[in-house]
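What follows is one structure encoded as structure tokens, with my remarks underneath.
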Amino acid sequence: MNSPIEYRPLAVALSIGGSDPSGGAGIQADLKTFQQLGVYGASVLTMITAQNTLGVRRVEPLSTELVIDQLDAVLDDLQPIAAKTGALGSAETIQAIHERAQRFNFPLVVDPVMVSKHGDSLIPEGEAGQEVIQAYRRLMPRAFLVTPNRFELEQLTGIKLNSSQDVAKAIHDLHQMGARFVLAKLGDVNGHSEHVLGSGQENIAIQTNRFDTQNTHGAGCVLSALITGLIALGETNLKQVVQRAIRQISIGIHNTHPIGKGRSPVETRVLANEPNELAEKN
Ligand code: PXL
């Protein structure tokens, strides 16, 4: 009975993002992931989507004022140890979260969500969408870690990623914008699934077996929630946290159960906090 969660104070993690009523992505995925790690999850909703495993039918951002009222209510009362953002809905909301984030005394993981795994946009069309990208760039100094996929990395930096040099340049640019760490989720590279973790000093490539499956609904959300949850549990070595989260997401993807008629969600029930060597020694 000496599992770490039984003698540590309950760690609070906060997720700021959108609702997926089918339960596979967004806030729902984040809360399931936190729960699985033994972390207490708080959530601030930024948008309601009407979607399922087949696609996103509708996206309706909540007013910036309502988002900030939720955030203030949570922060006036709870002390998160780590927080993450997912889909944020509008440039105005990103800007308002940015202003609040100047006073966050906990690390913020920014998952700059722009498209769902079905390929449906979660940011507005046209000029309003460009403003969202600009607002994300301005948010970078508040990001302890930013976790763009290939498309989001291209949008944030304006660099078309055709080579590993392009990736290195794009990661460098995000550090220049102010992000402390960058995790580029590159997807398939030469038959492997590749992530690159940039610290500003070095870029570490993390390769895993390729996921030959379409059943990855919510994978980005679950990965950033795993990282946020592990930080909330007191893990301090980000490289180890990211490696562990990537191992866990592979397990979740390889163990999906058929849910719905489209892309099955990542199986969060198999995610677990691996034994923590440090905690065990104490
Ligand atoms: O996985 C990215 C994501 C984040 N947030 C919401 C989503 C999705 C993908 O579908 O719907 C609300």
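Each chain in the structure tokens gets a letter, A, B, ..., in the order shown, and its residues are numbered from 1; ligands are numbered from 1 in order too.
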Neighbours of ligand 1 at 9 Å or closer, counting only C-alpha atoms and all ligand atoms: which residues, as a compact mmCIF listing (two decimals) with N, CA and C atoms, in the first residue's frame?
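Result written to result-v6.txt:
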# COMPACT_ATOMS: atom_id res chain seq x y z
N GLY A 17 -9.71 24.06 -22.18
CA GLY A 17 -9.89 23.58 -23.55
C GLY A 17 -11.35 23.35 -23.89
N GLY A 18 -11.57 22.63 -24.98
CA GLY A 18 -12.93 22.46 -25.51
C GLY A 18 -13.54 21.12 -25.16
N SER A 19 -14.86 21.05 -25.27
CA SER A 19 -15.59 19.82 -24.97
C SER A 19 -15.74 18.96 -26.22
N ASP A 20 -15.48 17.68 -26.08
CA ASP A 20 -15.81 16.68 -27.11
C ASP A 20 -16.87 15.78 -26.51
N PRO A 21 -18.14 15.94 -26.93
CA PRO A 21 -19.21 15.19 -26.27
C PRO A 21 -19.08 13.68 -26.45
N GLY A 24 -13.74 11.40 -26.47
CA GLY A 24 -12.41 10.90 -26.84
C GLY A 24 -11.30 11.94 -26.82
N ALA A 25 -11.67 13.21 -26.98
CA ALA A 25 -10.66 14.26 -27.09
C ALA A 25 -11.02 15.39 -26.13
N GLY A 26 -10.29 16.49 -26.27
CA GLY A 26 -10.61 17.70 -25.50
C GLY A 26 -10.59 17.46 -24.00
N ILE A 27 -11.39 18.27 -23.31
CA ILE A 27 -11.45 18.25 -21.85
C ILE A 27 -11.76 16.86 -21.30
N GLN A 28 -12.66 16.15 -22.00
CA GLN A 28 -13.03 14.83 -21.49
C GLN A 28 -11.82 13.90 -21.47
N ALA A 29 -11.01 13.93 -22.53
CA ALA A 29 -9.81 13.08 -22.58
C ALA A 29 -8.82 13.51 -21.49
N THR A 46 -13.55 26.24 -23.00
CA THR A 46 -13.40 27.37 -23.92
C THR A 46 -14.36 27.31 -25.08
N MET A 47 -14.81 26.12 -25.41
CA MET A 47 -15.72 25.96 -26.54
C MET A 47 -16.51 24.67 -26.39
N ILE A 48 -17.69 24.69 -26.98
CA ILE A 48 -18.47 23.46 -27.07
C ILE A 48 -18.36 23.00 -28.52
N THR A 49 -18.02 21.75 -28.72
CA THR A 49 -18.09 21.21 -30.08
C THR A 49 -19.21 20.19 -30.13
N ALA A 50 -19.78 20.05 -31.32
CA ALA A 50 -20.67 18.92 -31.58
C ALA A 50 -19.86 18.00 -32.48
N GLN A 51 -19.39 16.90 -31.94
CA GLN A 51 -18.55 15.98 -32.72
C GLN A 51 -18.70 14.58 -32.20
N ASN A 52 -18.23 13.64 -33.02
CA ASN A 52 -18.13 12.25 -32.58
C ASN A 52 -16.88 11.66 -33.22
N THR A 53 -16.78 10.34 -33.25
CA THR A 53 -15.55 9.74 -33.77
C THR A 53 -15.43 9.91 -35.29
N GLY A 55 -16.37 12.90 -37.00
CA GLY A 55 -16.01 14.25 -37.42
C GLY A 55 -16.58 15.32 -36.50
N VAL A 56 -16.12 16.55 -36.75
CA VAL A 56 -16.60 17.70 -35.98
C VAL A 56 -17.72 18.37 -36.78
N VAL A 59 -18.59 23.99 -34.04
CA VAL A 59 -17.71 24.51 -32.98
C VAL A 59 -18.29 25.83 -32.52
N GLY A 86 -5.71 23.48 -24.41
CA GLY A 86 -6.02 22.77 -25.65
C GLY A 86 -6.65 23.75 -26.61
N ALA A 87 -7.75 23.37 -27.24
CA ALA A 87 -8.41 24.26 -28.19
C ALA A 87 -8.92 25.49 -27.44
N LEU A 88 -8.59 26.68 -27.95
CA LEU A 88 -8.93 27.89 -27.19
C LEU A 88 -9.98 28.78 -27.87
N ASP A 111 -0.80 23.17 -25.80
CA ASP A 111 -1.02 22.30 -26.95
C ASP A 111 -1.78 23.18 -27.95
N PRO A 112 -1.10 23.69 -28.97
CA PRO A 112 -1.72 24.72 -29.83
C PRO A 112 -2.67 24.11 -30.85
N VAL A 113 -3.76 23.56 -30.34
CA VAL A 113 -4.69 22.76 -31.15
C VAL A 113 -5.31 23.60 -32.27
N MET A 114 -5.18 23.13 -33.49
CA MET A 114 -5.79 23.83 -34.63
C MET A 114 -6.73 22.95 -35.44
N VAL A 115 -6.40 21.66 -35.52
CA VAL A 115 -7.26 20.74 -36.28
C VAL A 115 -7.50 19.48 -35.47
N SER A 116 -8.66 18.85 -35.69
CA SER A 116 -8.93 17.57 -35.02
C SER A 116 -8.27 16.46 -35.83
N LYS A 117 -8.23 15.27 -35.25
CA LYS A 117 -7.64 14.13 -35.96
C LYS A 117 -8.45 13.77 -37.21
N HIS A 118 -9.71 14.21 -37.28
CA HIS A 118 -10.48 13.96 -38.50
C HIS A 118 -10.09 14.95 -39.59
N GLY A 119 -9.24 15.93 -39.23
CA GLY A 119 -8.86 16.94 -40.21
C GLY A 119 -9.79 18.14 -40.21
N ASP A 120 -10.67 18.22 -39.22
CA ASP A 120 -11.60 19.36 -39.15
C ASP A 120 -10.97 20.50 -38.35
N SER A 121 -11.18 21.72 -38.82
CA SER A 121 -10.56 22.86 -38.17
C SER A 121 -11.23 23.17 -36.83
N LEU A 122 -10.42 23.51 -35.85
CA LEU A 122 -10.95 23.91 -34.54
C LEU A 122 -10.64 25.38 -34.28
N HIS A 217 -8.03 9.05 -32.13
CA HIS A 217 -8.85 10.19 -31.71
C HIS A 217 -8.42 10.62 -30.30
N GLY A 218 -8.06 11.87 -30.17
CA GLY A 218 -7.68 12.39 -28.85
C GLY A 218 -6.22 12.20 -28.48
N ALA A 219 -5.42 11.62 -29.38
CA ALA A 219 -4.03 11.29 -29.02
C ALA A 219 -3.23 12.53 -28.58
N GLY A 220 -3.40 13.63 -29.29
CA GLY A 220 -2.66 14.85 -28.93
C GLY A 220 -3.05 15.35 -27.55
N CYS A 221 -4.36 15.33 -27.28
CA CYS A 221 -4.85 15.79 -25.98
C CYS A 221 -4.31 14.91 -24.87
N VAL A 222 -4.39 13.60 -25.08
CA VAL A 222 -3.96 12.66 -24.03
C VAL A 222 -2.46 12.81 -23.78
Can you pull out every residue within 10 Å of segment 231-239 of chain A, counting only C-alpha atoms, but drop anything in the same chain fewer than 3 positions away, and send it as an mmCIF file with all heavy atoms, in the first residue's frame?
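For reference, part.cif as written:
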data_model
loop_
_atom_site.group_PDB
_atom_site.id
_atom_site.type_symbol
_atom_site.label_atom_id
_atom_site.label_comp_id
_atom_site.auth_asym_id
_atom_site.auth_seq_id
_atom_site.Cartn_x
_atom_site.Cartn_y
_atom_site.Cartn_z
ATOM 1 N N PRO A 4 2.595 5.973 -4.520
ATOM 2 C CA PRO A 4 2.846 7.384 -4.225
ATOM 3 C C PRO A 4 1.576 8.194 -3.995
ATOM 4 O O PRO A 4 1.559 9.065 -3.156
ATOM 5 C CB PRO A 4 3.568 7.874 -5.472
ATOM 6 C CG PRO A 4 4.136 6.652 -6.104
ATOM 7 C CD PRO A 4 3.265 5.515 -5.709
ATOM 8 N N ILE A 5 0.491 7.873 -4.715
ATOM 9 C CA ILE A 5 -0.683 8.737 -4.591
ATOM 10 C C ILE A 5 -1.342 8.591 -3.231
ATOM 11 O O ILE A 5 -2.202 9.371 -2.869
ATOM 12 C CB ILE A 5 -1.732 8.480 -5.697
ATOM 13 C CG1 ILE A 5 -2.227 7.048 -5.672
ATOM 14 C CG2 ILE A 5 -1.204 8.875 -7.046
ATOM 15 C CD1 ILE A 5 -3.456 6.864 -6.554
ATOM 16 N N ARG A 8 1.078 11.135 -0.852
ATOM 17 C CA ARG A 8 1.329 12.515 -1.258
ATOM 18 C C ARG A 8 0.037 13.300 -1.160
ATOM 19 O O ARG A 8 -1.037 12.745 -1.343
ATOM 20 C CB ARG A 8 1.748 12.551 -2.726
ATOM 21 C CG ARG A 8 3.125 12.079 -2.963
ATOM 22 C CD ARG A 8 3.423 12.304 -4.423
ATOM 23 N NE ARG A 8 4.643 11.656 -4.779
ATOM 24 C CZ ARG A 8 5.336 11.946 -5.863
ATOM 25 N NH1 ARG A 8 4.896 12.871 -6.698
ATOM 26 N NH2 ARG A 8 6.442 11.328 -6.130
ATOM 27 N N PRO A 9 0.130 14.634 -0.960
ATOM 28 C CA PRO A 9 -1.095 15.422 -1.071
ATOM 29 C C PRO A 9 -1.636 15.294 -2.484
ATOM 30 O O PRO A 9 -0.871 15.072 -3.428
ATOM 31 C CB PRO A 9 -0.636 16.852 -0.787
ATOM 32 C CG PRO A 9 0.835 16.815 -0.611
ATOM 33 C CD PRO A 9 1.319 15.417 -0.675
ATOM 34 N N LEU A 10 -2.939 15.406 -2.620
ATOM 35 C CA LEU A 10 -3.565 15.259 -3.934
ATOM 36 C C LEU A 10 -3.128 16.407 -4.840
ATOM 37 O O LEU A 10 -3.327 17.572 -4.511
ATOM 38 C CB LEU A 10 -5.078 15.240 -3.754
ATOM 39 C CG LEU A 10 -5.939 14.942 -4.971
ATOM 40 C CD1 LEU A 10 -5.518 13.637 -5.650
ATOM 41 C CD2 LEU A 10 -7.397 14.861 -4.547
ATOM 42 N N ALA A 11 -2.513 16.067 -5.956
ATOM 43 C CA ALA A 11 -2.035 17.085 -6.890
ATOM 44 C C ALA A 11 -3.173 17.538 -7.794
ATOM 45 O O ALA A 11 -3.951 16.718 -8.282
ATOM 46 C CB ALA A 11 -0.905 16.510 -7.726
ATOM 47 N N VAL A 12 -3.267 18.847 -8.000
ATOM 48 C CA VAL A 12 -4.298 19.407 -8.881
ATOM 49 C C VAL A 12 -3.669 19.779 -10.213
ATOM 50 O O VAL A 12 -2.628 20.442 -10.257
ATOM 51 C CB VAL A 12 -4.933 20.673 -8.250
ATOM 52 C CG1 VAL A 12 -5.937 21.310 -9.210
ATOM 53 C CG2 VAL A 12 -5.587 20.348 -6.917
ATOM 54 N N ALA A 13 -4.280 19.328 -11.312
ATOM 55 C CA ALA A 13 -3.886 19.780 -12.647
ATOM 56 C C ALA A 13 -5.097 20.445 -13.282
ATOM 57 O O ALA A 13 -6.242 20.034 -13.049
ATOM 58 C CB ALA A 13 -3.401 18.614 -13.496
ATOM 59 N N LEU A 14 -4.838 21.459 -14.068
ATOM 60 C CA LEU A 14 -5.921 22.220 -14.709
ATOM 61 C C LEU A 14 -5.821 22.077 -16.217
ATOM 62 O O LEU A 14 -4.739 22.224 -16.791
ATOM 63 C CB LEU A 14 -5.788 23.705 -14.319
ATOM 64 C CG LEU A 14 -6.632 24.705 -15.115
ATOM 65 C CD1 LEU A 14 -8.126 24.475 -14.895
ATOM 66 C CD2 LEU A 14 -6.259 26.143 -14.734
ATOM 67 N N PHE A 34 -5.928 12.556 -16.381
ATOM 68 C CA PHE A 34 -5.517 12.994 -15.032
ATOM 69 C C PHE A 34 -5.963 11.959 -13.993
ATOM 70 O O PHE A 34 -5.208 11.566 -13.103
ATOM 71 C CB PHE A 34 -6.138 14.352 -14.676
ATOM 72 C CG PHE A 34 -5.633 15.524 -15.481
ATOM 73 C CD1 PHE A 34 -6.403 16.684 -15.625
ATOM 74 C CD2 PHE A 34 -4.384 15.504 -16.091
ATOM 75 C CE1 PHE A 34 -5.949 17.777 -16.344
ATOM 76 C CE2 PHE A 34 -3.915 16.602 -16.822
ATOM 77 C CZ PHE A 34 -4.702 17.742 -16.944
ATOM 78 N N LEU A 37 -3.878 8.972 -13.730
ATOM 79 C CA LEU A 37 -2.586 9.201 -13.069
ATOM 80 C C LEU A 37 -2.747 9.433 -11.564
ATOM 81 O O LEU A 37 -1.760 9.600 -10.848
ATOM 82 C CB LEU A 37 -1.888 10.433 -13.667
ATOM 83 C CG LEU A 37 -1.423 10.336 -15.125
ATOM 84 C CD1 LEU A 37 -0.803 11.657 -15.566
ATOM 85 C CD2 LEU A 37 -0.415 9.216 -15.292
ATOM 86 N N GLY A 38 -3.979 9.531 -11.099
ATOM 87 C CA GLY A 38 -4.185 9.832 -9.690
ATOM 88 C C GLY A 38 -4.058 11.315 -9.394
ATOM 89 O O GLY A 38 -3.746 11.711 -8.268
ATOM 90 N N VAL A 39 -4.292 12.129 -10.423
ATOM 91 C CA VAL A 39 -4.208 13.585 -10.275
ATOM 92 C C VAL A 39 -5.640 14.140 -10.268
ATOM 93 O O VAL A 39 -6.490 13.655 -11.017
ATOM 94 C CB VAL A 39 -3.403 14.180 -11.462
ATOM 95 C CG1 VAL A 39 -3.517 15.688 -11.522
ATOM 96 C CG2 VAL A 39 -1.948 13.746 -11.378
ATOM 97 N N TYR A 40 -5.886 15.145 -9.430
ATOM 98 C CA TYR A 40 -7.208 15.774 -9.386
ATOM 99 C C TYR A 40 -7.328 16.745 -10.564
ATOM 100 O O TYR A 40 -6.517 17.667 -10.695
ATOM 101 C CB TYR A 40 -7.367 16.539 -8.065
ATOM 102 C CG TYR A 40 -8.704 17.213 -7.897
ATOM 103 C CD1 TYR A 40 -9.742 16.582 -7.216
ATOM 104 C CD2 TYR A 40 -8.936 18.476 -8.427
ATOM 105 C CE1 TYR A 40 -10.969 17.195 -7.064
ATOM 106 C CE2 TYR A 40 -10.166 19.100 -8.285
ATOM 107 C CZ TYR A 40 -11.184 18.450 -7.604
ATOM 108 O OH TYR A 40 -12.391 19.058 -7.459
ATOM 109 N N PRO A 80 -3.432 24.800 -8.695
ATOM 110 C CA PRO A 80 -2.904 23.768 -9.599
ATOM 111 C C PRO A 80 -1.385 23.684 -9.475
ATOM 112 O O PRO A 80 -0.717 24.674 -9.171
ATOM 113 C CB PRO A 80 -3.287 24.260 -10.993
ATOM 114 C CG PRO A 80 -4.286 25.339 -10.796
ATOM 115 C CD PRO A 80 -4.043 25.910 -9.432
ATOM 116 N N ILE A 81 -0.869 22.490 -9.744
ATOM 117 C CA ILE A 81 0.586 22.325 -9.765
ATOM 118 C C ILE A 81 1.073 22.409 -11.206
ATOM 119 O O ILE A 81 2.237 22.723 -11.459
ATOM 120 C CB ILE A 81 0.980 21.010 -9.070
ATOM 121 C CG1 ILE A 81 0.385 21.034 -7.669
ATOM 122 C CG2 ILE A 81 2.501 20.840 -9.033
ATOM 123 C CD1 ILE A 81 0.876 20.029 -6.712
ATOM 124 N N ALA A 82 0.177 22.149 -12.138
ATOM 125 C CA ALA A 82 0.502 22.303 -13.557
ATOM 126 C C ALA A 82 -0.798 22.511 -14.309
ATOM 127 O O ALA A 82 -1.866 22.109 -13.832
ATOM 128 C CB ALA A 82 1.224 21.069 -14.075
ATOM 129 N N ALA A 83 -0.700 23.159 -15.482
ATOM 130 C CA ALA A 83 -1.899 23.384 -16.295
ATOM 131 C C ALA A 83 -1.562 23.167 -17.757
ATOM 132 O O ALA A 83 -0.394 23.240 -18.156
ATOM 133 C CB ALA A 83 -2.434 24.799 -16.087
ATOM 134 N N PHE A 106 2.628 28.263 -11.749
ATOM 135 C CA PHE A 106 2.775 26.835 -12.085
ATOM 136 C C PHE A 106 3.066 26.763 -13.581
ATOM 137 O O PHE A 106 2.740 27.691 -14.327
ATOM 138 C CB PHE A 106 1.477 26.081 -11.744
ATOM 139 C CG PHE A 106 0.227 26.788 -12.197
ATOM 140 C CD1 PHE A 106 -0.226 26.671 -13.502
ATOM 141 C CD2 PHE A 106 -0.480 27.627 -11.332
ATOM 142 C CE1 PHE A 106 -1.368 27.336 -13.932
ATOM 143 C CE2 PHE A 106 -1.618 28.301 -11.751
ATOM 144 C CZ PHE A 106 -2.055 28.155 -13.053
ATOM 145 N N PRO A 107 3.706 25.691 -14.026
ATOM 146 C CA PRO A 107 4.048 25.600 -15.448
ATOM 147 C C PRO A 107 2.821 25.379 -16.332
ATOM 148 O O PRO A 107 1.868 24.700 -15.923
ATOM 149 C CB PRO A 107 4.991 24.398 -15.519
ATOM 150 C CG PRO A 107 4.780 23.643 -14.264
ATOM 151 C CD PRO A 107 4.246 24.585 -13.235
ATOM 152 N N VAL A 109 1.539 24.019 -20.025
ATOM 153 C CA VAL A 109 1.797 23.257 -21.251
ATOM 154 C C VAL A 109 0.802 23.758 -22.298
ATOM 155 O O VAL A 109 -0.403 23.734 -22.060
ATOM 156 C CB VAL A 109 1.610 21.742 -21.005
ATOM 157 C CG1 VAL A 109 1.750 20.956 -22.301
ATOM 158 C CG2 VAL A 109 2.601 21.245 -19.945
ATOM 159 N N LEU A 145 6.124 24.502 -21.935
ATOM 160 C CA LEU A 145 6.294 23.531 -23.029
ATOM 161 C C LEU A 145 5.207 23.797 -24.051
ATOM 162 O O LEU A 145 4.055 24.020 -23.683
ATOM 163 C CB LEU A 145 6.144 22.102 -22.481
ATOM 164 C CG LEU A 145 6.107 20.967 -23.515
ATOM 165 C CD1 LEU A 145 7.479 20.772 -24.162
ATOM 166 C CD2 LEU A 145 5.654 19.655 -22.872
ATOM 167 N N PHE A 181 10.445 25.034 -23.549
ATOM 168 C CA PHE A 181 10.707 23.747 -24.204
ATOM 169 C C PHE A 181 9.708 23.567 -25.347
ATOM 170 O O PHE A 181 8.605 24.117 -25.303
ATOM 171 C CB PHE A 181 10.535 22.574 -23.224
ATOM 172 C CG PHE A 181 11.577 22.550 -22.132
ATOM 173 C CD1 PHE A 181 11.292 23.080 -20.879
ATOM 174 C CD2 PHE A 181 12.837 22.005 -22.353
ATOM 175 C CE1 PHE A 181 12.244 23.067 -19.865
ATOM 176 C CE2 PHE A 181 13.798 21.988 -21.347
ATOM 177 C CZ PHE A 181 13.507 22.528 -20.098
ATOM 178 N N LEU A 197 12.180 16.743 -28.902
ATOM 179 C CA LEU A 197 12.085 17.621 -27.733
ATOM 180 C C LEU A 197 13.238 18.619 -27.787
ATOM 181 O O LEU A 197 14.410 18.231 -27.751
ATOM 182 C CB LEU A 197 12.160 16.785 -26.448
ATOM 183 C CG LEU A 197 12.160 17.594 -25.135
ATOM 184 C CD1 LEU A 197 10.859 18.374 -24.959
ATOM 185 C CD2 LEU A 197 12.384 16.666 -23.939
ATOM 186 N N GLY A 198 12.894 19.891 -27.872
ATOM 187 C CA GLY A 198 13.911 20.949 -27.921
ATOM 188 C C GLY A 198 14.000 21.646 -26.582
ATOM 189 O O GLY A 198 12.975 22.012 -25.989
ATOM 190 N N SER A 199 15.241 21.818 -26.112
ATOM 191 C CA SER A 199 15.446 22.496 -24.830
ATOM 192 C C SER A 199 16.042 23.881 -25.030
ATOM 193 O O SER A 199 16.265 24.611 -24.074
ATOM 194 C CB SER A 199 16.407 21.679 -23.967
ATOM 195 O OG SER A 199 17.703 21.741 -24.541
ATOM 196 N N ILE A 204 16.348 16.582 -28.913
ATOM 197 C CA ILE A 204 16.441 15.135 -28.692
ATOM 198 C C ILE A 204 15.328 14.469 -29.488
ATOM 199 O O ILE A 204 14.149 14.791 -29.297
ATOM 200 C CB ILE A 204 16.243 14.818 -27.192
ATOM 201 C CG1 ILE A 204 17.296 15.557 -26.355
ATOM 202 C CG2 ILE A 204 16.308 13.316 -26.947
ATOM 203 C CD1 ILE A 204 16.913 15.684 -24.901
ATOM 204 N N ILE A 206 12.943 11.413 -30.292
ATOM 205 C CA ILE A 206 12.394 10.252 -29.587
ATOM 206 C C ILE A 206 11.577 9.464 -30.611
ATOM 207 O O ILE A 206 10.575 9.966 -31.136
ATOM 208 C CB ILE A 206 11.493 10.690 -28.409
ATOM 209 C CG1 ILE A 206 12.292 11.582 -27.440
ATOM 210 C CG2 ILE A 206 10.922 9.476 -27.676
ATOM 211 C CD1 ILE A 206 11.449 12.317 -26.411
ATOM 212 N N ALA A 225 -1.902 15.928 -21.811
ATOM 213 C CA ALA A 225 -2.469 15.740 -20.459
ATOM 214 C C ALA A 225 -1.574 14.822 -19.622
ATOM 215 O O ALA A 225 -1.408 15.042 -18.416
ATOM 216 C CB ALA A 225 -3.883 15.174 -20.543
ATOM 217 N N LEU A 226 -0.996 13.799 -20.255
ATOM 218 C CA LEU A 226 -0.053 12.932 -19.532
ATOM 219 C C LEU A 226 1.135 13.757 -19.032
ATOM 220 O O LEU A 226 1.548 13.630 -17.876
ATOM 221 C CB LEU A 226 0.465 11.818 -20.457
ATOM 222 C CG LEU A 226 -0.437 10.595 -20.643
ATOM 223 C CD1 LEU A 226 0.040 9.772 -21.844
ATOM 224 C CD2 LEU A 226 -0.450 9.731 -19.393
ATOM 225 N N ILE A 227 1.665 14.587 -19.915
ATOM 226 C CA ILE A 227 2.829 15.402 -19.533
ATOM 227 C C ILE A 227 2.447 16.333 -18.379
ATOM 228 O O ILE A 227 3.154 16.430 -17.375
ATOM 229 C CB ILE A 227 3.352 16.192 -20.753
ATOM 230 C CG1 ILE A 227 3.905 15.219 -21.809
ATOM 231 C CG2 ILE A 227 4.403 17.218 -20.338
ATOM 232 C CD1 ILE A 227 4.219 15.855 -23.149
ATOM 233 N N THR A 228 1.291 16.992 -18.507
ATOM 234 C CA THR A 228 0.842 17.922 -17.464
ATOM 235 C C THR A 228 0.601 17.184 -16.149
ATOM 236 O O THR A 228 1.003 17.650 -15.074
ATOM 237 C CB THR A 228 -0.454 18.631 -17.929
ATOM 238 O OG1 THR A 228 -0.211 19.209 -19.217
ATOM 239 C CG2 THR A 228 -0.886 19.709 -16.964
ATOM 240 N N VAL A 242 8.516 13.328 -20.781
ATOM 241 C CA VAL A 242 8.069 13.235 -22.172
ATOM 242 C C VAL A 242 8.248 11.802 -22.686
ATOM 243 O O VAL A 242 7.364 11.255 -23.346
ATOM 244 C CB VAL A 242 8.826 14.269 -23.045
ATOM 245 C CG1 VAL A 242 8.649 13.990 -24.522
ATOM 246 C CG2 VAL A 242 8.343 15.679 -22.708
ATOM 247 N N GLN A 243 9.387 11.189 -22.350
ATOM 248 C CA GLN A 243 9.608 9.806 -22.800
ATOM 249 C C GLN A 243 8.546 8.878 -22.215
ATOM 250 O O GLN A 243 8.015 8.013 -22.893
ATOM 251 C CB GLN A 243 11.001 9.327 -22.387
ATOM 252 C CG GLN A 243 12.086 9.945 -23.264
ATOM 253 C CD GLN A 243 13.485 9.653 -22.768
ATOM 254 O OE1 GLN A 243 13.699 9.516 -21.556
ATOM 255 N NE2 GLN A 243 14.435 9.563 -23.681
ATOM 256 N N ARG A 244 8.243 9.102 -20.950
ATOM 257 C CA ARG A 244 7.244 8.257 -20.302
ATOM 258 C C ARG A 244 5.863 8.488 -20.922
ATOM 259 O O ARG A 244 5.116 7.533 -21.179
ATOM 260 C CB ARG A 244 7.200 8.576 -18.806
ATOM 261 C CG ARG A 244 6.447 7.565 -18.010
ATOM 262 C CD ARG A 244 6.240 8.021 -16.599
ATOM 263 N NE ARG A 244 7.445 7.982 -15.786
ATOM 264 C CZ ARG A 244 7.433 8.126 -14.463
ATOM 265 N NH1 ARG A 244 6.296 8.338 -13.820
ATOM 266 N NH2 ARG A 244 8.541 8.089 -13.771
ATOM 267 N N ALA A 245 5.533 9.750 -21.180
ATOM 268 C CA ALA A 245 4.225 10.067 -21.774
ATOM 269 C C ALA A 245 4.110 9.454 -23.171
ATOM 270 O O ALA A 245 3.058 8.932 -23.541
ATOM 271 C CB ALA A 245 4.026 11.581 -21.824
ATOM 272 N N ASN A 273 0.476 5.783 -14.023
ATOM 273 C CA ASN A 273 1.734 6.343 -13.568
ATOM 274 C C ASN A 273 2.677 5.186 -13.262
ATOM 275 O O ASN A 273 2.374 4.347 -12.428
ATOM 276 C CB ASN A 273 1.476 7.172 -12.309
ATOM 277 C CG ASN A 273 2.704 7.923 -11.887
ATOM 278 O OD1 ASN A 273 3.605 8.158 -12.690
ATOM 279 N ND2 ASN A 273 2.757 8.287 -10.642
ATOM 280 N N ASN A 276 7.443 5.451 -9.513
ATOM 281 C CA ASN A 276 8.342 6.606 -9.494
ATOM 282 C C ASN A 276 9.535 6.295 -8.597
ATOM 283 O O ASN A 276 9.395 6.162 -7.396
ATOM 284 C CB ASN A 276 7.541 7.810 -8.967
ATOM 285 C CG ASN A 276 8.398 9.033 -8.837
ATOM 286 O OD1 ASN A 276 9.616 8.945 -8.753
ATOM 287 N ND2 ASN A 276 7.769 10.179 -8.837
ATOM 288 N N LEU A 278 12.065 7.953 -7.560
ATOM 289 C CA LEU A 278 12.393 8.901 -6.502
ATOM 290 C C LEU A 278 11.444 8.752 -5.325
ATOM 291 O O LEU A 278 11.856 8.653 -4.172
ATOM 292 C CB LEU A 278 12.324 10.328 -7.027
ATOM 293 C CG LEU A 278 13.483 10.731 -7.917
ATOM 294 C CD1 LEU A 278 13.227 12.101 -8.501
ATOM 295 C CD2 LEU A 278 14.782 10.724 -7.114
ATOM 296 N N ALA A 279 10.140 8.684 -5.647
ATOM 297 C CA ALA A 279 9.136 8.587 -4.591
ATOM 298 C C ALA A 279 9.335 7.294 -3.801
ATOM 299 O O ALA A 279 9.199 7.265 -2.589
ATOM 300 C CB ALA A 279 7.747 8.624 -5.193
#
Nearest to Ser264 of chain A, chosen from A:Asp30, A:Glu99, A:Leu54, A:Arg142, with only C-alpha atoms counted in the distances: A:Leu54
Residues within 10 Å of Gly191 of chain A, only C-alpha atoms, excluding chain neighbours under 5 positions, as a PyMOL selection string: chain A and resi 207-212
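Closest approach to His175 of chain A among A:Ile159, A:Met140, A:Glu154, A:Gln95 is made by A:Met140 (distances from only C-alpha atoms).
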Atomic distance atom CA of Asn162 of chain A - atom CA of Glu127 of chain A, expressed in Å with one decimal: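 We find that atom CA of Asn162 of chain A and atom CA of Glu127 of chain A lie 25.9 Å from each other.
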In segment 24-157 of chain A, DSSP strand (DSSP E) residues written as a list in words: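 Residues of segment 24-157 of chain A classed as strand (DSSP E): Tyr40, Gly41, Ala42, Ser43, Val44, Leu45, Thr46, Met47, Ile48, Thr49, Ala50, Gln51, Val56, Arg57, Arg58, Val59, Glu60, Pro61, Ala82, Ala83, Lys84, Thr85, Leu108, Val109, Val110, Leu145 and Val146 of chain A.
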Every residue of segment 16-202 of chain A that DSSP places in helix (DSSP H, G or I), as a PyMOL selection string: chain A and resi 26-37+64-75+91-101+126-142+150-157+164-177
